[in-house]
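Engineer: Take a look at this one; I'll ask things after.
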There are 2 protein chains.
Amino acid sequence: MGITVCVVGCGAVGSLFAANLATLDDVEVWAYDLAQAHVDAINRDGLRLTGAGEVLGRPRATTDASELPPCDFGIVATKAMHTDSAIAATAHAFAGGCVATVQNGIGNEEVLARHVERVIRGTTFPAGKITAPGVIQWDVQGDTTFGPFEERPAPLEEVERLADACTRGGMPTKAVADARGPQWRKVIFNAATNPLGALTGLTHGRVCERPDLRALASRLVDEGKAVAAAQGIELDADPEELIDYAARPEVAYGHKASMLQDVEARRQTEIDYLNGGIAEFGRRLGVPAPTHESIWALVKGVEAAWQQ
Amino acid sequence: MGITVCVVGCGAVGSLFAANLATLDDVEVWAYDLAQAHVDAINRDGLRLTGAGEVLGRPRATTDASELPPCDFGIVATKAMHTDSAIAATAHAFAGGCVATVQNGIGNEEVLARHVERVIRGTTFPAGKITAPGVIQWDVQGDTTFGPFEERPAPLEEVERLADACTRGGMPTKAVADARGPQWRKVIFNAATNPLGALTGLTHGRVCERPDLRALASRLVDEGKAVAAAQGIELDADPEELIDYAARPEVAYGHKASMLQDVEARRQTEIDYLNGGIAEFGRRLGVPAPTHESIWALVKGVEAAWQQ
């Protein structure tokens, strides 16, 4: 029996899921996005991935949420600050389904749970960038992890069904009972490195090869680990290893973090959901995270200066 | 009996001293600077201050240190990273004299003491900017403090003689036995605010009106106070007061910190002598200054990215 999946927010990461899932005969894929040119290109020419994988998928794309059919699954992939408006517009399609997030940062599941009944906590490592409408440069391959969101859980068998479809489609995905470990590892990795690139202008590799900035990243990792530990979260691996792995020339040495791309384009960043998320959990739990507070303040200041 | 004073480094702050001192009949003033156009304009039209004070002084200016006569006093006002080369070139003129610093940051006296015998620790609050060769916009008035540098002290009566000339010339200056308190207050003020402007692009006032950045400034102040206290230095006033005072519309709300001016012009900053100086004293004394370490690393990263 086939399933229907709607990818909500079809930027780089959303497109990786939409194109790969659309290669499966038993999955009907919809792509919801507000960029009309991207949607038109997908409907005309298909959704093309190049780089780490060569894929041409043919999801049905729309900017009009009222066109969406009832879906078994949603995969939300917007920037974190657009979660609320995106799920508010599309929630009707998931009245009988389950909605997963593959977004950056902390707190996206809580926003989804205000609109839909069954939520899947998720985190994903693949990355890329849109190079033209309908065309995505697939930069980095990697795993995805899904698990029931504790406060409004999707049934584990549904989580497994979505993970199976993603894996068969070319996006290796695990279903687990507690997805917080991988999610916090990714968030700590992002919060320890992305804003350092954004504030300095350096690529990931150049941040890591400067001992002073690498030490700053480690201060951020240590504070993040303490905030995770205070919630009983066991990281599935050390974020430090991921930082060093990503710094390799063949991985992401020359990669400009998405937050640096945002700053260069003067687009609002995801800092509130990365360092801001860790800092707020720290405040709530009484775990000091002064370095995250500092970095959060600096990036918010950068955004404020654009209005100067 | 008259005195001869050479201002070494005749940028904005050096020019405030040179022009004001040159209005005194009993002081012969030389201005040593490497900017030929500035030197030529001073020798042709005089050195003009406008803004907080209207002054036209006529120091003798030169780019050639060998032209300098024996001087009773030097006032070094270069950027901190140029101290060594500037005093190396001019030290012969101070073989029988005393040399004061009015520079930003920590460690300038130590550099001077490698080249001359009698050193005056100093700190100054007035600020301005060069608007054209020979013309300085005087933005902020303020006090100067001089005292013998502990490791190679100038005699206190000589310190008093220089302070008296500056005061009579229009730059209110105190001679004290221990000038470390005012100096550390200024350094802590600068280190707590200048790099926040430089990293975000915000003016001093806009940094201060954001609670998150103001809290970051306070973290930097607290660490700086602890490093000062560990050396037995008593601050003459709280740097927090100076931060709030400077944020007033009539003082420096709209002022772009010199470090922000440097970053916008892609000029090397004085970060090594501000947050870097505090961090290094902290390391030596075993006093943690992680926020200064973080800010130091970020600004060095910004400088490194210019070479990307």
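Chains: A, B, ... in order of the structure tokens. Residues: from 1 per chain. Ligands: from 1, in order shown.
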Please determine the contact residues of chain B with respect to chain A at a cut-off of 9 Å, counting only C-alpha atoms, and supply them as a ChimeraX atom specification.

Structural biologist: /B:196-197,199-203,206-207,210-216,219,290-291,293-294,296-306,308

Engineer: Find the residues near Gly74 of chain B: any atom within 7 Å, counting only C-alpha atoms, skip ones fewer than 5 places away on the same chain, and give them as number ranges by chain.

Structural biologist: B: 5-8, 94, 98-100

Engineer: Could you tell me which of B:Arg248, B:Arg114, B:Lys186, B:Arg58 comes closest to Thr144 of chain B if we count only C-alpha atoms?

Structural biologist: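 Of B:Arg248, B:Arg114, B:Lys186, B:Arg58, the one nearest Thr144 of chain B, counting only C-alpha atoms, is B:Lys186.
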
Engineer: Write out as an MDAnalysis selection string all residues of segment 79-295 of chain B that backbone DSSP assigns to helix (DSSP H, G or I).

Structural biologist: chainID B and resid 80:94 108:112 156:169 180:200 204:209 211:229 239:246 258:264 271:273 275:285 290:295

Engineer: Limited to C-alpha atoms, could you put the picked residues into a file as a short mmCIF file (atom, residue, chain, number, x, y, z; two decimals), in the first residue's frame?

Structural biologist:
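Output below, filename part.cif:
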data_model
loop_
_atom_site.label_atom_id
_atom_site.label_comp_id
_atom_site.auth_asym_id
_atom_site.auth_seq_id
_atom_site.Cartn_x
_atom_site.Cartn_y
_atom_site.Cartn_z
CA ALA B 80 49.42 49.71 19.79
CA MET B 81 50.81 47.37 17.15
CA HIS B 82 53.11 50.12 15.86
CA THR B 83 54.63 51.04 19.22
CA ASP B 84 57.81 49.07 18.76
CA SER B 85 58.74 50.37 15.34
CA ALA B 86 57.82 53.95 16.27
CA ILE B 87 59.89 54.07 19.45
CA ALA B 88 62.77 52.20 17.83
CA ALA B 89 62.96 54.96 15.21
CA THR B 90 62.70 57.86 17.66
CA ALA B 91 64.37 56.62 20.86
CA HIS B 92 67.55 58.64 20.18
CA ALA B 93 65.57 61.85 20.74
CA PHE B 94 64.62 60.73 24.24
CA ASN B 108 52.67 49.62 25.60
CA GLU B 109 54.85 50.75 28.51
CA GLU B 110 56.71 47.43 28.42
CA VAL B 111 57.53 48.00 24.75
CA LEU B 112 58.71 51.56 25.35
CA LEU B 156 57.42 61.93 39.49
CA GLU B 157 58.47 65.59 39.16
CA GLU B 158 59.01 65.04 35.44
CA VAL B 159 55.61 63.37 35.19
CA GLU B 160 54.14 66.44 36.91
CA ARG B 161 55.95 68.78 34.52
CA LEU B 162 54.43 67.03 31.49
CA ALA B 163 50.98 66.89 33.09
CA ASP B 164 51.18 70.61 33.87
CA ALA B 165 52.04 71.47 30.26
CA CYS B 166 49.19 69.34 28.91
CA THR B 167 46.72 70.89 31.33
CA ARG B 168 47.82 74.44 30.51
CA GLY B 169 47.61 73.56 26.82
CA ARG B 180 47.18 51.68 36.72
CA GLY B 181 43.64 52.27 38.04
CA PRO B 182 42.58 54.76 35.35
CA GLN B 183 44.41 52.73 32.71
CA TRP B 184 42.67 49.48 33.55
CA ARG B 185 39.33 51.27 33.79
CA LYS B 186 39.85 52.53 30.24
CA VAL B 187 41.12 49.19 28.94
CA ILE B 188 38.19 47.35 30.49
CA PHE B 189 35.79 49.91 29.02
CA ASN B 190 37.37 49.57 25.58
CA ALA B 191 37.57 45.78 25.68
CA ALA B 192 33.95 45.50 26.85
CA THR B 193 32.52 47.68 24.11
CA ASN B 194 34.77 48.24 21.08
CA PRO B 195 34.80 44.65 19.81
CA LEU B 196 31.03 44.35 20.23
CA GLY B 197 30.69 47.26 17.84
CA ALA B 198 33.33 45.77 15.57
CA LEU B 199 31.69 42.31 15.44
CA THR B 200 28.11 43.54 14.98
CA HIS B 204 28.24 52.38 20.92
CA GLY B 205 24.76 53.54 21.88
CA ARG B 206 23.00 50.76 19.98
CA VAL B 207 25.24 48.12 21.56
CA CYS B 208 24.29 49.47 24.98
CA GLU B 209 20.53 49.62 24.42
CA PRO B 211 19.99 44.08 26.88
CA ASP B 212 21.71 40.97 25.53
CA LEU B 213 24.78 42.84 24.26
CA ARG B 214 24.85 45.05 27.37
CA ALA B 215 24.92 41.85 29.44
CA LEU B 216 27.83 40.61 27.34
CA ALA B 217 29.65 43.88 28.00
CA SER B 218 29.08 43.34 31.72
CA ARG B 219 30.51 39.82 31.55
CA LEU B 220 33.62 41.35 29.96
CA VAL B 221 33.75 44.06 32.64
CA ASP B 222 33.46 41.51 35.44
CA GLU B 223 36.28 39.37 34.06
CA GLY B 224 38.44 42.47 33.53
CA LYS B 225 37.85 43.64 37.09
CA ALA B 226 38.90 40.24 38.42
CA VAL B 227 42.12 40.35 36.40
CA ALA B 228 42.84 43.88 37.65
CA ALA B 229 42.06 42.94 41.26
CA PRO B 239 33.85 50.92 33.93
CA GLU B 240 30.10 50.21 33.87
CA GLU B 241 29.45 53.88 34.61
CA LEU B 242 31.66 54.90 31.73
CA ILE B 243 29.82 52.52 29.38
CA ASP B 244 26.46 54.05 30.29
CA TYR B 245 27.83 57.59 30.21
CA ALA B 246 29.26 57.10 26.73
CA SER B 258 37.65 52.83 16.45
CA MET B 259 37.76 49.05 16.15
CA LEU B 260 34.60 49.11 14.03
CA GLN B 261 36.20 51.80 11.89
CA ASP B 262 39.22 49.50 11.55
CA VAL B 263 37.09 46.50 10.56
CA GLU B 264 35.13 48.52 8.00
CA ILE B 271 42.33 43.50 19.82
CA ASP B 272 45.64 41.91 20.91
CA TYR B 273 46.20 44.81 23.32
CA ASN B 275 40.82 41.70 25.10
CA GLY B 276 44.04 39.91 24.22
CA GLY B 277 45.94 41.86 26.87
CA ILE B 278 43.35 41.13 29.55
CA ALA B 279 43.19 37.46 28.57
CA GLU B 280 46.96 37.11 28.69
CA PHE B 281 47.20 38.78 32.10
CA GLY B 282 44.41 36.44 33.18
CA ARG B 283 46.33 33.38 32.00
CA ARG B 284 49.48 34.54 33.76
CA LEU B 285 47.60 35.21 37.01
CA PRO B 290 36.89 33.08 28.89
CA THR B 291 34.71 35.83 27.45
CA HIS B 292 37.78 37.91 26.58
CA GLU B 293 39.34 34.78 25.05
CA SER B 294 36.20 34.27 22.93
CA ILE B 295 36.01 37.85 21.73
#
